[in-house]
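One structure is given below, encoded as C-alpha coordinates.
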Amino acid sequence: MSSNLFKEEFLCTGEILFVPRGSDYHGVALSDAVIIVHYFNNTVCHTENCILSFLYTHKPVKPQPGKSYFYSKLTACGQLAHIMDGVGGYLNDEKHEPALWGLKHKELIWLFTKYYTPEELRLFFHPMTDEGVPFKSLVLAHYRKAEYTDCLAKMCGYGIYTFRRIFKKEFGISPYKWLTMKRAEHIRHRLSLPYIPFADIIEEFHFSSAGHFSNFCKQFLGDTPSNLRKTLSEEPLNE
(Lines give C-alpha, C1' and ligand atoms only; values in the text may rest on other atoms or scores of the structure.)
Protein backbone atom coordinates (compact mmCIF):
# COMPACT_ATOMS: atom_id res chain seq x y z
CA MET A 1 0.00 0.00 0.00
CA SER A 2 1.03 3.60 -0.63
CA SER A 3 -0.53 6.92 0.28
CA ASN A 4 0.25 10.60 0.65
CA LEU A 5 1.59 9.67 4.12
CA PHE A 6 3.89 6.74 3.26
CA LYS A 7 5.06 4.56 0.38
CA GLU A 8 5.19 0.82 -0.25
CA GLU A 9 4.16 -0.63 3.08
CA PHE A 10 2.83 -4.16 3.48
CA LEU A 11 -0.41 -4.96 5.29
CA CYS A 12 -0.24 -8.63 6.20
CA THR A 13 -2.81 -11.14 7.33
CA GLY A 14 -4.18 -10.26 10.75
CA GLU A 15 -3.07 -6.62 10.67
CA ILE A 16 -5.25 -3.50 10.78
CA LEU A 17 -4.43 0.01 9.59
CA PHE A 18 -6.07 3.31 10.53
CA VAL A 19 -6.77 5.46 7.47
CA PRO A 20 -7.35 9.14 8.41
CA ARG A 21 -9.99 11.17 6.62
CA GLY A 22 -8.71 13.17 3.68
CA SER A 23 -5.79 10.86 2.94
CA ASP A 24 -5.21 9.18 -0.42
CA TYR A 25 -4.56 5.44 -0.32
CA HIS A 26 -4.04 2.85 -3.03
CA GLY A 27 -2.57 -0.61 -3.19
CA VAL A 28 -2.55 -4.05 -4.77
CA ALA A 29 -3.28 -7.51 -3.38
CA LEU A 30 -0.31 -9.84 -3.88
CA SER A 31 -2.48 -12.90 -3.23
CA ASP A 32 -6.14 -13.76 -2.76
CA ALA A 33 -7.37 -11.67 0.17
CA VAL A 34 -10.44 -10.48 1.99
CA ILE A 35 -10.19 -6.90 3.23
CA ILE A 36 -12.79 -5.48 5.62
CA VAL A 37 -13.09 -1.68 5.61
CA HIS A 38 -14.95 0.02 8.45
CA TYR A 39 -15.96 3.65 7.90
CA PHE A 40 -16.70 5.71 11.00
CA ASN A 41 -16.45 9.18 12.50
CA ASN A 42 -16.82 10.73 15.93
CA THR A 43 -20.56 11.21 15.59
CA VAL A 44 -21.19 7.50 16.19
CA CYS A 45 -19.14 7.41 19.38
CA HIS A 46 -21.37 9.28 21.83
CA THR A 47 -21.51 6.32 24.20
CA GLU A 48 -17.79 5.64 23.88
CA ASN A 49 -16.42 9.01 24.96
CA CYS A 50 -13.76 7.18 26.98
CA ILE A 51 -11.63 6.64 23.88
CA LEU A 52 -12.35 10.08 22.40
CA SER A 53 -11.42 11.78 25.64
CA PHE A 54 -8.24 9.71 25.77
CA LEU A 55 -7.26 10.42 22.19
CA TYR A 56 -7.69 14.17 22.41
CA THR A 57 -6.01 14.65 25.77
CA HIS A 58 -2.99 12.42 25.21
CA LYS A 59 0.57 13.69 25.31
CA PRO A 60 1.88 14.27 21.77
CA VAL A 61 4.04 11.50 20.39
CA LYS A 62 7.68 12.64 20.22
CA PRO A 63 9.17 11.84 16.80
CA GLN A 64 12.29 9.71 16.83
CA PRO A 65 15.01 9.87 14.14
CA GLY A 66 14.42 7.36 11.38
CA LYS A 67 10.96 6.38 12.64
CA SER A 68 7.76 7.55 10.98
CA TYR A 69 4.60 8.18 12.98
CA PHE A 70 2.42 9.04 10.02
CA TYR A 71 0.79 5.65 10.34
CA SER A 72 0.82 2.63 12.62
CA LYS A 73 -0.47 -0.87 12.20
CA LEU A 74 -1.88 -3.10 14.91
CA THR A 75 -1.96 -6.87 15.04
CA ALA A 76 -5.50 -8.08 15.48
CA CYS A 77 -5.91 -9.69 18.88
CA GLY A 78 -8.04 -12.80 19.23
CA GLN A 79 -11.24 -10.91 20.05
CA LEU A 80 -10.76 -8.48 17.15
CA ALA A 81 -10.23 -11.45 14.83
CA HIS A 82 -13.57 -12.85 16.07
CA ILE A 83 -15.29 -9.55 15.24
CA MET A 84 -13.85 -9.56 11.71
CA ASP A 85 -14.86 -13.18 11.18
CA GLY A 86 -18.38 -12.39 12.36
CA VAL A 87 -18.69 -9.34 10.15
CA GLY A 88 -17.41 -11.35 7.21
CA GLY A 89 -20.09 -13.94 7.88
CA TYR A 90 -22.84 -11.32 8.00
CA LEU A 91 -21.62 -9.85 4.71
CA ASN A 92 -21.55 -13.28 3.05
CA ASP A 93 -25.10 -13.86 4.28
CA GLU A 94 -26.09 -10.41 2.91
CA LYS A 95 -27.29 -9.19 6.29
CA HIS A 96 -26.89 -5.43 5.81
CA GLU A 97 -28.48 -3.89 8.88
CA PRO A 98 -27.41 -0.37 10.03
CA ALA A 99 -28.34 -1.24 13.61
CA LEU A 100 -26.03 -4.26 13.51
CA TRP A 101 -23.10 -2.19 12.24
CA GLY A 102 -23.75 0.33 15.01
CA LEU A 103 -23.49 -2.41 17.62
CA LYS A 104 -20.35 -3.80 16.03
CA HIS A 105 -18.77 -0.36 16.08
CA LYS A 106 -19.48 0.01 19.80
CA GLU A 107 -17.95 -3.40 20.38
CA LEU A 108 -14.89 -2.42 18.35
CA ILE A 109 -14.30 0.80 20.31
CA TRP A 110 -14.74 -1.05 23.61
CA LEU A 111 -12.29 -3.71 22.45
CA PHE A 112 -9.66 -1.09 21.62
CA THR A 113 -9.80 0.32 25.14
CA LYS A 114 -9.60 -3.11 26.81
CA TYR A 115 -7.13 -5.08 24.70
CA TYR A 116 -4.57 -2.48 23.60
CA THR A 117 -2.18 -0.32 25.59
CA PRO A 118 -2.41 3.50 25.69
CA GLU A 119 0.84 3.72 23.73
CA GLU A 120 -0.49 1.43 21.01
CA LEU A 121 -3.64 3.50 20.70
CA ARG A 122 -1.73 6.78 20.66
CA LEU A 123 0.37 5.56 17.75
CA PHE A 124 -2.51 3.90 15.92
CA PHE A 125 -4.77 6.98 16.01
CA HIS A 126 -1.90 9.45 15.75
CA PRO A 127 -2.97 10.85 12.32
CA MET A 128 -6.41 11.73 13.67
CA THR A 129 -5.22 13.34 16.88
CA ASP A 130 -2.10 15.08 15.61
CA GLU A 131 -3.28 16.54 12.31
CA GLY A 132 -5.57 19.57 12.10
CA VAL A 133 -7.32 18.54 8.90
CA PRO A 134 -9.49 15.72 10.32
CA PHE A 135 -11.06 18.03 12.94
CA LYS A 136 -11.76 20.66 10.32
CA SER A 137 -13.20 18.02 8.02
CA LEU A 138 -15.52 16.88 10.79
CA VAL A 139 -16.73 20.45 11.36
CA LEU A 140 -17.24 21.07 7.64
CA ALA A 141 -19.19 17.83 7.30
CA HIS A 142 -21.72 18.73 10.00
CA TYR A 143 -21.97 22.49 10.48
CA ARG A 144 -24.87 22.96 8.06
CA LYS A 145 -27.03 20.75 10.28
CA ALA A 146 -26.03 22.54 13.47
CA GLU A 147 -27.71 25.82 14.39
CA TYR A 148 -25.76 26.34 17.61
CA THR A 149 -22.31 25.55 18.95
CA ASP A 150 -23.50 22.89 21.39
CA CYS A 151 -25.28 21.04 18.56
CA LEU A 152 -22.17 21.07 16.39
CA ALA A 153 -20.01 19.88 19.29
CA LYS A 154 -22.37 16.96 19.88
CA MET A 155 -22.44 16.03 16.19
CA CYS A 156 -18.63 16.01 16.17
CA GLY A 157 -18.47 13.88 19.34
CA TYR A 158 -16.99 16.47 21.73
CA GLY A 159 -17.93 18.06 25.00
CA ILE A 160 -18.74 21.74 24.56
CA TYR A 161 -15.69 23.13 26.40
CA THR A 162 -13.20 20.85 24.64
CA PHE A 163 -14.85 21.61 21.31
CA ARG A 164 -14.60 25.38 21.80
CA ARG A 165 -10.94 25.12 22.75
CA ILE A 166 -9.96 22.96 19.77
CA PHE A 167 -12.14 24.97 17.39
CA LYS A 168 -10.55 28.28 18.42
CA LYS A 169 -7.10 26.76 17.94
CA GLU A 170 -7.91 25.34 14.49
CA PHE A 171 -10.08 28.12 13.01
CA GLY A 172 -8.78 31.17 14.86
CA ILE A 173 -12.24 32.40 15.93
CA SER A 174 -15.00 31.18 18.21
CA PRO A 175 -17.40 28.55 16.83
CA TYR A 176 -20.34 30.94 17.39
CA LYS A 177 -18.81 33.64 15.20
CA TRP A 178 -17.78 31.10 12.59
CA LEU A 179 -21.23 29.51 12.45
CA THR A 180 -22.84 32.94 12.12
CA MET A 181 -20.44 33.86 9.33
CA LYS A 182 -21.13 30.62 7.43
CA ARG A 183 -24.87 31.02 7.93
CA ALA A 184 -24.75 34.53 6.47
CA GLU A 185 -22.62 33.27 3.60
CA HIS A 186 -25.14 30.59 2.66
CA ILE A 187 -28.09 32.96 3.03
CA ARG A 188 -26.37 35.46 0.75
CA HIS A 189 -26.00 32.73 -1.86
CA ARG A 190 -29.70 31.82 -1.56
CA LEU A 191 -30.66 35.46 -1.98
CA SER A 192 -28.61 35.61 -5.19
CA LEU A 193 -30.95 32.99 -6.68
CA PRO A 194 -34.18 34.85 -7.50
CA TYR A 195 -36.23 31.69 -7.94
CA ILE A 196 -35.90 30.76 -4.22
CA PRO A 197 -38.76 32.34 -2.23
CA PHE A 198 -37.95 34.13 1.01
CA ALA A 199 -40.31 31.72 2.79
CA ASP A 200 -38.12 28.77 1.76
CA ILE A 201 -34.99 30.50 3.08
CA ILE A 202 -36.75 31.32 6.34
CA GLU A 203 -37.74 27.67 6.74
CA GLU A 204 -34.37 26.27 5.68
CA PHE A 205 -32.43 28.37 8.19
CA HIS A 206 -35.00 28.04 10.97
CA PHE A 207 -35.88 31.71 11.41
CA SER A 208 -38.83 32.21 13.73
CA SER A 209 -40.41 34.87 11.51
CA ALA A 210 -39.88 37.12 8.50
CA GLY A 211 -38.87 39.88 10.90
CA HIS A 212 -36.21 37.67 12.47
CA PHE A 213 -34.89 36.87 9.00
CA SER A 214 -34.83 40.54 8.00
CA ASN A 215 -33.01 41.56 11.20
CA PHE A 216 -30.37 38.88 10.63
CA CYS A 217 -29.77 40.09 7.06
CA LYS A 218 -29.47 43.72 8.14
CA GLN A 219 -27.09 42.86 10.98
CA PHE A 220 -24.80 40.39 9.20
CA LEU A 221 -25.26 41.19 5.49
CA GLY A 222 -25.83 44.91 5.69
CA ASP A 223 -29.32 45.29 4.21
CA THR A 224 -32.84 43.90 4.02
CA PRO A 225 -33.48 40.65 2.12
CA SER A 226 -35.32 42.51 -0.68
CA ASN A 227 -32.54 45.03 -1.19
CA LEU A 228 -29.88 42.35 -1.02
CA ARG A 229 -31.65 40.27 -3.67
CA LYS A 230 -31.95 43.29 -5.93
CA THR A 231 -28.28 44.18 -5.48
CA LEU A 232 -27.10 40.62 -6.00
CA SER A 233 -29.22 40.20 -9.14
CA GLU A 234 -27.53 43.25 -10.65
CA GLU A 235 -24.02 41.94 -10.04
CA PRO A 236 -22.26 40.59 -13.17
CA LEU A 237 -21.87 36.84 -13.34
CA ASN A 238 -18.36 35.46 -12.96
CA GLU A 239 -17.12 33.90 -16.17
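Identifiers in this document derive from the order of the C-alpha coordinates: chains are assigned A, B, ..., residues are numbered from 1 separately in each chain, and ligands are numbered from 1 in order of occurrence.
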Query raised in the report: Can you list, as a PyMOL selection string, every protein, DNA or RNA residue that comes within 9 Å of Glu120 (chain A) when you count only C-alpha atoms, leaving out same-chain residues fewer than 4 positions away?
Result: chain A and resi 72+74+116+124-125
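Closest approach to Ser214 (chain A) among A:Leu193, A:Ala99, A:Ile36, A:Ala184: A:Ala184, based on only C-alpha atoms.
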Query raised in the report: For Tyr115 (chain A), which residue among A:Gly89, A:Gly14, A:Gly78, A:Gly102 is the nearest when counting only C-alpha atoms?
Result: A:Gly78
Query raised in the report: Pick the closest to Trp178 (chain A) from A:Ile35, A:Leu111, A:Val139, A:Leu191: which is it, counting only C-alpha atoms?
Result: A:Val139
